[in-house]
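start-v8.cif follows; it contains mmCIF, C-alpha atoms.
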data_start
loop_
_atom_site.label_atom_id
_atom_site.label_comp_id
_atom_site.auth_asym_id
_atom_site.auth_seq_id
_atom_site.Cartn_x
_atom_site.Cartn_y
_atom_site.Cartn_z
CA MET F 29 105.80 -24.11 -49.05
CA TYR F 30 108.42 -26.83 -48.51
CA LYS F 31 112.06 -26.43 -49.48
CA LEU F 32 113.11 -28.43 -52.54
CA GLU F 33 116.81 -27.73 -51.88
CA LEU F 34 117.59 -27.72 -55.59
CA ASN F 35 121.12 -26.39 -54.99
CA LYS F 36 121.95 -29.40 -52.82
CA LEU F 37 120.43 -31.70 -55.45
CA ILE F 38 122.37 -30.20 -58.36
CA GLN F 39 125.59 -30.19 -56.36
CA THR F 40 125.15 -33.89 -55.45
CA ILE F 41 124.40 -34.88 -59.06
CA LYS F 42 127.53 -33.08 -60.26
CA GLN F 43 129.74 -34.44 -57.47
CA GLN F 44 128.56 -38.00 -58.03
CA GLU F 45 128.57 -37.59 -61.81
CA ALA F 46 125.12 -39.16 -61.90
CA LYS F 47 123.79 -39.79 -65.41
CA GLN F 48 120.23 -40.91 -64.68
CA VAL F 49 118.37 -39.53 -61.66
CA LEU F 50 115.03 -40.69 -60.27
CA ILE F 51 112.87 -38.10 -58.49
CA GLN F 52 110.58 -39.49 -55.76
CA LEU F 53 108.22 -37.00 -54.13
CA PRO F 54 105.50 -37.43 -51.47
CA ASP F 55 101.94 -36.72 -52.64
CA GLY F 56 101.91 -33.14 -51.36
CA MET F 57 104.97 -32.28 -53.45
CA LYS F 58 104.33 -34.31 -56.61
CA HIS F 59 103.06 -31.21 -58.43
CA LYS F 60 106.60 -29.86 -58.26
CA ALA F 61 108.12 -32.82 -60.14
CA ASP F 62 108.36 -30.85 -63.41
CA GLN F 63 110.25 -28.07 -61.62
CA VAL F 64 112.77 -30.56 -60.21
CA ALA F 65 113.17 -32.48 -63.49
CA ASP F 66 113.66 -29.25 -65.47
CA ALA F 67 116.30 -28.04 -62.99
CA ILE F 68 118.22 -31.33 -63.28
CA GLU F 69 118.18 -31.38 -67.07
CA GLU F 70 118.95 -27.67 -67.44
CA GLU F 71 121.73 -27.47 -64.86
CA THR F 72 123.43 -30.84 -65.24
CA SER F 73 124.05 -33.35 -68.00
CA ALA F 74 121.92 -35.96 -66.19
CA LYS F 75 118.55 -37.23 -67.39
CA ALA F 76 115.69 -36.94 -64.89
CA PHE F 77 112.92 -39.49 -64.35
CA ILE F 78 109.87 -39.24 -62.09
CA TRP F 79 108.57 -42.02 -59.82
CA LEU F 80 104.82 -42.25 -60.39
CA GLY F 81 103.86 -44.19 -57.27
CA SER F 82 103.97 -43.97 -53.50
CA CYS F 83 106.48 -42.18 -51.30
CA TYR F 84 105.40 -43.00 -47.75
CA GLY F 85 108.85 -42.82 -46.17
CA ALA F 86 112.49 -43.74 -46.43
CA CYS F 87 111.17 -47.30 -46.02
CA ASP F 88 109.37 -46.95 -49.36
CA LEU F 89 112.12 -46.74 -51.96
CA PRO F 90 111.55 -47.75 -55.61
CA LEU F 91 112.93 -51.16 -56.51
CA GLY F 92 114.49 -52.38 -59.75
CA MET F 93 116.17 -49.09 -60.58
CA ASP F 94 119.48 -50.86 -61.28
CA ILE F 95 117.79 -52.62 -64.23
CA LEU F 96 117.11 -49.17 -65.71
CA ASN F 97 120.65 -47.95 -64.92
CA ILE F 98 119.31 -45.25 -62.60
CA ASP F 99 122.38 -44.24 -60.62
CA LEU F 100 120.83 -41.80 -58.12
CA VAL F 101 117.45 -41.94 -56.38
CA VAL F 102 116.40 -38.69 -54.67
CA GLN F 103 113.56 -38.82 -52.17
CA TRP F 104 112.02 -35.73 -50.56
CA GLY F 105 110.22 -35.38 -47.26
CA HIS F 106 111.97 -38.09 -45.25
CA ASN F 107 115.31 -38.81 -43.66
CA LYS F 108 117.35 -41.75 -42.43
CA PHE F 109 115.58 -44.23 -40.18
CA ASN F 110 116.57 -47.29 -38.17
CA LYS F 111 114.78 -50.41 -39.32
CA GLU F 112 113.26 -52.47 -36.53
CA GLU F 113 114.59 -56.03 -36.42
CA TRP F 114 112.38 -59.07 -35.86
CA MET R 27 122.27 -50.40 -56.68
CA PRO R 28 121.66 -46.67 -57.21
CA ARG R 29 122.90 -44.23 -54.60
CA LEU R 30 120.35 -42.43 -52.45
CA LEU R 31 119.88 -38.78 -51.51
CA LEU R 32 117.25 -37.91 -48.88
CA ILE R 33 116.05 -34.30 -48.75
CA ASP R 34 114.10 -33.24 -45.62
CA ALA R 35 111.88 -30.74 -47.49
CA LYS R 36 111.73 -28.39 -44.50
CA TRP R 37 108.82 -26.02 -44.19
CA GLU R 38 109.82 -22.59 -45.49
CA GLY R 39 108.23 -20.69 -42.60
CA GLU R 40 109.41 -20.16 -39.02
CA ILE R 41 107.82 -22.11 -36.18
CA LYS R 42 106.68 -19.61 -33.58
CA LEU R 43 104.82 -19.75 -30.31
CA THR R 44 101.82 -17.89 -31.72
CA PRO R 45 99.27 -16.06 -29.50
CA LYS R 46 96.79 -18.86 -30.24
CA LEU R 47 99.14 -21.61 -28.99
CA LYS R 48 100.30 -19.46 -26.08
CA SER R 49 96.69 -18.95 -25.03
CA HIS R 50 96.05 -22.70 -25.23
CA LEU R 51 99.10 -23.40 -23.05
CA LYS R 52 98.05 -20.77 -20.51
CA LYS R 53 94.61 -22.32 -20.33
CA THR R 54 95.79 -25.94 -20.01
CA LYS R 55 98.83 -25.09 -17.82
CA PRO R 56 101.19 -27.98 -18.64
CA LYS R 57 104.41 -27.96 -16.58
CA SER R 58 106.05 -30.39 -18.96
CA ILE R 59 105.61 -31.31 -22.61
CA ASP R 60 106.64 -34.34 -24.68
CA LEU R 61 107.38 -32.64 -27.98
CA PHE R 62 107.24 -34.27 -31.41
CA ALA R 63 107.39 -33.08 -35.01
CA SER R 64 107.69 -34.45 -38.49
CA VAL R 65 111.05 -33.76 -40.12
CA GLN R 66 109.61 -30.77 -42.04
CA PHE R 67 108.95 -28.96 -38.77
CA ALA R 68 111.91 -30.07 -36.67
CA ASP R 69 113.85 -26.74 -36.69
CA ILE R 70 112.52 -25.20 -33.49
CA THR R 71 115.36 -23.30 -31.79
CA ASN R 72 113.33 -20.09 -31.26
CA PHE R 73 110.16 -22.02 -30.43
CA LEU R 74 112.03 -23.82 -27.61
CA LYS R 75 113.33 -20.52 -26.21
CA GLU R 76 109.77 -19.17 -26.13
CA LEU R 77 108.48 -22.30 -24.35
CA LYS R 78 111.23 -21.91 -21.75
CA LYS R 79 109.98 -18.39 -21.02
CA LEU R 80 106.66 -19.97 -19.98
CA ASN R 81 108.55 -22.24 -17.55
CA ILE R 82 107.53 -25.37 -19.41
CA LYS R 83 109.92 -28.30 -19.31
CA VAL R 84 110.33 -29.79 -22.78
CA ASN R 85 111.14 -33.46 -23.27
CA MET R 86 112.33 -34.32 -26.74
CA THR R 87 111.78 -38.02 -26.36
CA LYS R 88 113.45 -39.92 -29.13
CA ALA R 89 111.44 -42.38 -31.13
CA LYS R 90 113.65 -45.46 -31.55
CA ARG R 91 113.46 -45.62 -35.34
CA THR R 92 114.23 -41.96 -36.01
CA ASP R 93 117.64 -40.47 -36.50
CA LYS R 94 116.99 -37.30 -34.48
CA PRO R 95 115.28 -36.32 -31.22
CA LEU R 96 111.84 -34.68 -31.59
CA GLN R 97 111.13 -36.42 -34.88
CA ILE R 98 108.38 -39.00 -35.17
CA LEU R 99 107.61 -41.43 -37.98
CA GLY R 100 104.26 -42.88 -38.90
CA CYS R 101 105.46 -46.33 -37.81
CA ASP R 102 106.19 -45.13 -34.25
CA CYS R 103 102.73 -46.31 -33.27
CA TYR R 104 103.35 -48.76 -30.39
CA PRO R 105 103.88 -47.98 -26.67
CA ASP R 106 107.50 -49.16 -26.91
CA SER R 107 108.33 -47.07 -29.99
CA PHE R 108 110.03 -44.45 -27.79
CA LYS R 109 113.20 -44.48 -25.72
CA ASP R 110 111.42 -42.96 -22.70
CA GLU R 111 107.92 -43.08 -21.23
CA LEU R 112 105.63 -40.33 -22.48
CA ASP R 113 104.74 -39.09 -19.00
CA SER R 114 104.74 -35.30 -19.40
CA ASP R 115 101.60 -33.23 -18.73
CA MET R 116 101.06 -32.72 -22.44
CA ILE R 117 102.02 -34.44 -25.68
CA LEU R 118 102.45 -31.74 -28.33
CA TYR R 119 102.89 -32.46 -32.01
CA LEU R 120 104.13 -29.78 -34.44
CA GLY R 121 103.14 -30.29 -38.05
CA ASP R 122 100.33 -30.58 -40.54
CA GLY R 123 98.04 -33.52 -41.29
CA MET R 124 96.93 -36.40 -39.09
CA PHE R 125 99.32 -39.18 -40.17
CA HIS R 126 101.91 -38.59 -37.42
CA PRO R 127 99.45 -37.59 -34.65
CA LYS R 128 97.60 -40.84 -35.34
CA ALA R 129 100.83 -42.74 -34.59
CA LEU R 130 100.86 -41.06 -31.16
CA ILE R 131 97.17 -41.86 -30.60
CA LEU R 132 97.86 -45.52 -31.39
CA ALA R 133 100.90 -45.59 -29.12
CA VAL R 134 99.47 -43.95 -26.00
CA ASP R 135 96.02 -43.56 -24.53
CA LYS R 136 96.42 -39.83 -23.82
CA PRO R 137 95.17 -36.67 -25.51
CA ILE R 138 97.48 -35.35 -28.20
CA THR R 139 97.69 -31.60 -28.81
CA ILE R 140 98.42 -30.68 -32.42
CA PHE R 141 99.82 -27.31 -33.43
CA ASP R 142 99.86 -26.73 -37.18
CA PRO R 143 102.38 -23.91 -37.77
CA ILE R 144 101.08 -23.35 -41.32
CA SER R 145 97.46 -22.65 -40.43
CA ASP R 146 98.21 -21.56 -36.82
CA HIS R 147 95.56 -24.05 -35.71
CA VAL R 148 95.54 -25.85 -32.34
CA LYS R 149 93.45 -28.94 -31.69
CA VAL R 150 93.35 -31.82 -29.25
CA VAL R 151 92.75 -35.37 -30.48
CA SER R 152 92.47 -38.70 -28.69
CA ARG R 153 91.48 -42.33 -29.18
CA ASN R 154 87.87 -41.15 -29.61
CA ASP R 155 88.98 -39.78 -32.99
CA MET R 156 90.09 -43.28 -34.04
CA GLU R 157 87.19 -45.17 -32.50
CA LYS R 158 86.46 -47.08 -35.70
CA GLU R 159 90.08 -48.18 -36.15
CA PHE R 160 90.31 -49.40 -32.55
CA MET R 161 87.00 -51.25 -32.79
CA ILE R 162 88.03 -53.03 -36.01
CA LYS R 163 91.51 -53.76 -34.63
CA LYS R 164 89.93 -55.54 -31.66
CA ARG R 165 87.51 -57.46 -33.93
CA ASN R 166 90.40 -58.49 -36.21
CA LEU R 167 92.46 -59.77 -33.30
CA LYS R 168 89.56 -62.02 -32.28
CA LYS R 169 89.22 -63.23 -35.89
CA TYR R 170 92.96 -63.96 -35.99
CA LEU R 171 92.76 -66.11 -32.87
CA ASP R 172 89.83 -68.06 -34.36
CA ALA R 173 91.27 -68.31 -37.90
CA GLU R 174 92.37 -71.70 -39.20
CA ARG R 175 93.87 -70.39 -42.49
CA ILE R 176 96.04 -67.32 -42.26
CA GLY R 177 97.71 -65.28 -45.02
CA ILE R 178 101.01 -63.59 -44.19
CA LEU R 179 101.80 -60.56 -46.38
CA VAL R 180 105.43 -59.75 -47.21
CA THR R 181 106.63 -56.76 -49.24
CA ILE R 182 109.92 -56.85 -51.12
CA LYS R 183 110.57 -53.16 -50.29
CA PRO R 184 113.79 -53.46 -48.23
CA GLY R 185 112.76 -50.90 -45.58
CA GLN R 186 109.57 -52.82 -44.80
CA GLN R 187 110.61 -56.37 -45.66
CA TYR R 188 110.28 -58.94 -42.87
CA PHE R 189 110.53 -62.23 -44.78
CA ILE R 190 112.38 -64.09 -42.02
CA ALA R 191 109.86 -62.99 -39.39
CA ALA R 192 107.04 -64.09 -41.71
CA LYS R 193 108.59 -67.55 -42.05
CA LYS R 194 108.99 -67.79 -38.26
CA LEU R 195 105.34 -66.82 -37.78
CA LYS R 196 104.24 -69.44 -40.33
CA GLU R 197 106.16 -72.10 -38.37
CA GLN R 198 104.62 -70.96 -35.07
CA LEU R 199 101.10 -71.03 -36.52
CA GLU R 200 101.63 -74.46 -38.05
CA GLN R 201 102.87 -75.78 -34.70
CA LYS R 202 99.47 -74.72 -33.36
CA GLY R 203 97.77 -76.77 -36.08
CA LYS R 204 96.83 -73.80 -38.27
CA LYS R 205 97.53 -73.37 -41.98
CA ALA R 206 99.60 -70.33 -42.92
CA TYR R 207 100.47 -69.12 -46.42
CA ILE R 208 103.03 -66.43 -47.23
CA PHE R 209 102.10 -63.96 -50.00
CA ILE R 210 104.80 -61.75 -51.57
CA ASP R 211 104.33 -58.48 -53.45
CA ASP R 212 106.04 -55.09 -53.81
CA THR R 213 103.16 -52.74 -52.92
CA LEU R 214 100.41 -54.34 -50.82
CA ASN R 215 97.20 -53.64 -52.69
CA PRO R 216 93.96 -54.36 -50.77
CA SER R 217 92.09 -55.21 -53.98
CA HIS R 218 94.25 -58.31 -54.33
CA TYR R 219 93.18 -59.80 -50.99
CA GLU R 220 89.72 -60.78 -52.21
CA ASN R 221 91.28 -63.15 -54.78
CA TYR R 222 92.14 -65.47 -51.90
CA PRO R 223 88.81 -66.17 -50.21
CA PHE R 224 90.24 -69.15 -48.29
CA ILE R 225 92.22 -66.72 -46.06
CA GLN R 226 90.31 -65.99 -42.85
CA CYS R 227 92.75 -63.41 -41.51
CA TRP R 228 95.74 -61.58 -43.01
CA VAL R 229 98.90 -60.71 -41.13
CA ASN R 230 100.67 -57.62 -42.47
CA THR R 231 104.45 -57.67 -41.97
CA ALA R 232 105.08 -54.38 -43.87
CA CYS R 233 104.32 -50.84 -42.64
CA PRO R 234 102.35 -51.19 -39.36
CA ARG R 235 100.00 -48.41 -40.44
CA ILE R 236 98.55 -50.80 -43.03
CA GLY R 237 97.22 -52.90 -40.16
CA THR R 238 95.82 -49.90 -38.28
CA ASP R 239 94.61 -47.21 -40.68
CA ASP R 240 93.81 -49.24 -43.79
CA ILE R 241 91.72 -51.88 -41.98
CA VAL R 242 88.70 -49.56 -41.98
CA ASN R 243 88.63 -49.71 -45.79
CA ILE R 244 88.80 -53.48 -46.31
CA GLN R 245 86.31 -56.27 -45.69
CA GLN R 246 88.92 -58.88 -44.75
CA ALA R 247 90.37 -59.12 -41.27
CA MET R 248 93.99 -58.01 -40.98
CA ILE R 249 96.40 -57.53 -38.09
CA ASN R 250 100.05 -56.49 -37.87
CA LEU R 251 102.98 -58.86 -37.41
CA ARG R 252 103.79 -57.74 -33.88
CA ASP R 253 100.15 -58.24 -32.83
CA ALA R 254 100.18 -61.70 -34.39
CA LEU R 255 103.30 -62.62 -32.42
CA ASP R 256 101.77 -61.43 -29.13
CA PRO R 257 97.98 -61.08 -29.43
CA ILE R 258 97.49 -60.85 -25.64
CA LYS R 259 99.74 -57.78 -25.45
CA ALA R 260 97.93 -56.37 -28.50
CA PHE R 261 94.59 -56.69 -26.66
CA GLU R 262 96.13 -54.98 -23.60
CA ASN R 263 97.27 -52.04 -25.74
CA LEU R 264 93.70 -51.59 -26.94
CA GLU R 265 92.13 -51.56 -23.48
#
Structure rendered as structure tokens:
Amino acid sequence: MYKLELNKLIQTIKQQEAKQVLIQLPDGMKHKADQVADAIEEETSAKAFIWLGSCYGACDLPLGMDILNIDLVVQWGHNKFNKEEW
Amino acid sequence: MPRLLLIDAKWEGEIKLTPKLKSHLKKTKPKSIDLFASVQFADITNFLKELKKLNIKVNMTKAKRTDKPLQILGCDCYPDSFKDELDSDMILYLGDGMFHPKALILAVDKPITIFDPISDHVKVVSRNDMEKEFMIKKRNLKKYLDAERIGILVTIKPGQQYFIAAKKLKEQLEQKGKKAYIFIDDTLNPSHYENYPFIQCWVNTACPRIGTDDIVNIQQAMINLRDALDPIKAFENLE
């Protein structure tokens, strides 16, 4: 029902020569995680990993990924936002 | 730090002015509309052309935090979240679910018309649909003003992290003779709050929807950072 844009994803992984990619999907799209992971591992040489937890917005990115040597985080369902300053 | 790719996940269908929505507009006769959508439903070129045919002026008021006109985020839930006043005859939201329409309900005391392009369903919602949230919000504000020991919640998620503001609030509260403690976590989990029974009111500095939607599910009083900084204005927004 919602576009996964797998072509854009594969192209970005190849262009950036990403080796380890984290997939972060909102709840309504989490059931498609296997489809995305399979596409990454079949069409590129990168390994795909799936974020188990929340995906409430671009403000809700997984932390600590550098420790795991994840070099690309891909989040669906949200776009760039301007953080309010206090 | 890993690089980041954001994918909009647009809806695969086409947003159309369906007979059901057209009939609703003919019945309610708005001359102008403040139009909003979530990013999945923000491609509306044909929809706009069809609205024009009905002689309806469309305002695509930009929410300050978003990158594009029309789009709304869940955190755009305060009256000043938008660049312009929402003063059209109708506020129309395109999309599914209630998360984004609830942001509009919280921001303005006006009816919000929702058109779900997937189910072709039209409905009108208002503050009556969030009566419980508003009642508890008001109660929590009173509890905050009376509280002597306050817990300030800070997330380490960069997009929602307001550590400096939390420290400023702690200073302000302590100048008023109150005790304030800052608690840090990654994801704010309500089940952890009960481990600190000495806290009389929590102040959430992360996503503002935690202090509006989630408060109906927890026993402890909680308000948002901006309401803690200006509780009088927060009361005014609720009236």
Q.
the PyMOL selection byres ((chain R and resi 187-195) around 10) - which residues does that actually catch in the file I just gave you? List them as a ChimeraX atom specification.
A. /F:87,111-114 /R:177-186,196-201,206-210,212,229-233,251-252,254-255
(Q) as number ranges by chain, could you give me every residue of chain F near chain R (at most 10 Å apart, counting all atoms listed in the file)? (A) F: 29-34, 36-37, 40-41, 44, 46, 48-53, 57, 81-82, 84-114
Q | Surrounding residues of Val150 (chain R) excluding itself and chain neighbours under 3 positions, 9 Å, all atoms listed in the file, as a ChimeraX atom specification | A | /R:137-141
Q: Name every residue that the PyMOL selection byres ((chain R and resi 105) around 9) selects in this structure, writing the answer as a ChimeraX atom specification with chains first and numbers rising.
A: /R:102-104,106-108,111-112,130,132-134,263
Q: Identify all residues satisfying the PyMOL selection byres ((chain R and resi 70) around 10) in the given file; provide them as a VMD selection string.
A: chain R and resid 40 to 43 63 67 to 69 71 to 76 96 120
Q: One decimal, Å: what's the distance from CA of Ser145 (chain R) over to CA of Pro234 (chain R), could you say?
A: 29.0 Å
Need to verify the contact set: Lys57 (chain R), 12 Å, all atoms listed in the file, exclusion of same-chain residues closer than 4 positions in sequence. Can you return it as a short mmCIF file (atom, residue, chain, number, x, y, z; two decimals) with C-alpha atoms, in the frame of the given file?
data_model
loop_
_atom_site.label_atom_id
_atom_site.label_comp_id
_atom_site.auth_asym_id
_atom_site.auth_seq_id
_atom_site.Cartn_x
_atom_site.Cartn_y
_atom_site.Cartn_z
CA LEU R 51 99.10 -23.40 -23.05
CA LYS R 52 98.05 -20.77 -20.51
CA LYS R 53 94.61 -22.32 -20.33
CA LEU R 77 108.48 -22.30 -24.35
CA LYS R 78 111.23 -21.91 -21.75
CA LYS R 79 109.98 -18.39 -21.02
CA LEU R 80 106.66 -19.97 -19.98
CA ASN R 81 108.55 -22.24 -17.55
CA ILE R 82 107.53 -25.37 -19.41
CA LYS R 83 109.92 -28.30 -19.31
CA VAL R 84 110.33 -29.79 -22.78
CA ASN R 85 111.14 -33.46 -23.27
CA ASP R 113 104.74 -39.09 -19.00
CA SER R 114 104.74 -35.30 -19.40
CA ASP R 115 101.60 -33.23 -18.73
CA MET R 116 101.06 -32.72 -22.44
CA ILE R 117 102.02 -34.44 -25.68
#
Q.
Quick one: residues within 9 Å of region 217-220 of chain R, all atoms listed in the file, excluding same-chain residues fewer than 6 positions away - as a list in words?
A.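 In the requested format, the answer is Trp228, Ile244, Gln245 and Gln246 of chain R.
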Q.
Please determine, counting only C-alpha atoms, which residue among R:Leu214, R:Cys227, R:Ile131, R:Met248 has the shortest atom-to-atom distance to Asn154 (chain R).
A. R:Ile131
Q: One decimal, Å: what's the distance from CA of Lys55 (chain R) over to CA of Asp110 (chain R), could you say?
A: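 Rounded to one decimal, the two atoms are 22.4 Å apart.
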Q: Work out how far CA of Gln97 (chain R) is from CA of Lys60 (chain F), in Å to one decimal.
A: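 About the pair CA of Lys60 (chain F) and CA of Gln97 (chain R): they are 24.7 Å apart.
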Q: Can you pull out every residue within 9 Å of Lys42 (chain F), counting all atoms listed in the file, but drop anything in the same chain fewer than 5 positions away, and send it as a VMD selection string?
A: chain F and resid 37 72 to 74
Would you put the residues from that selection into a file with C-alpha atoms, as a PDB file, keeping the file's coordinate frame?
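result31.pdb, written as the output of this step:
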ATOM      1  CA  LEU F  37     120.430 -31.700 -55.450  1.00  0.00           C
ATOM      2  CA  THR F  72     123.430 -30.840 -65.240  1.00  0.00           C
ATOM      3  CA  SER F  73     124.050 -33.350 -68.000  1.00  0.00           C
ATOM      4  CA  ALA F  74     121.920 -35.960 -66.190  1.00  0.00           C
TER       5      ALA F  74
END
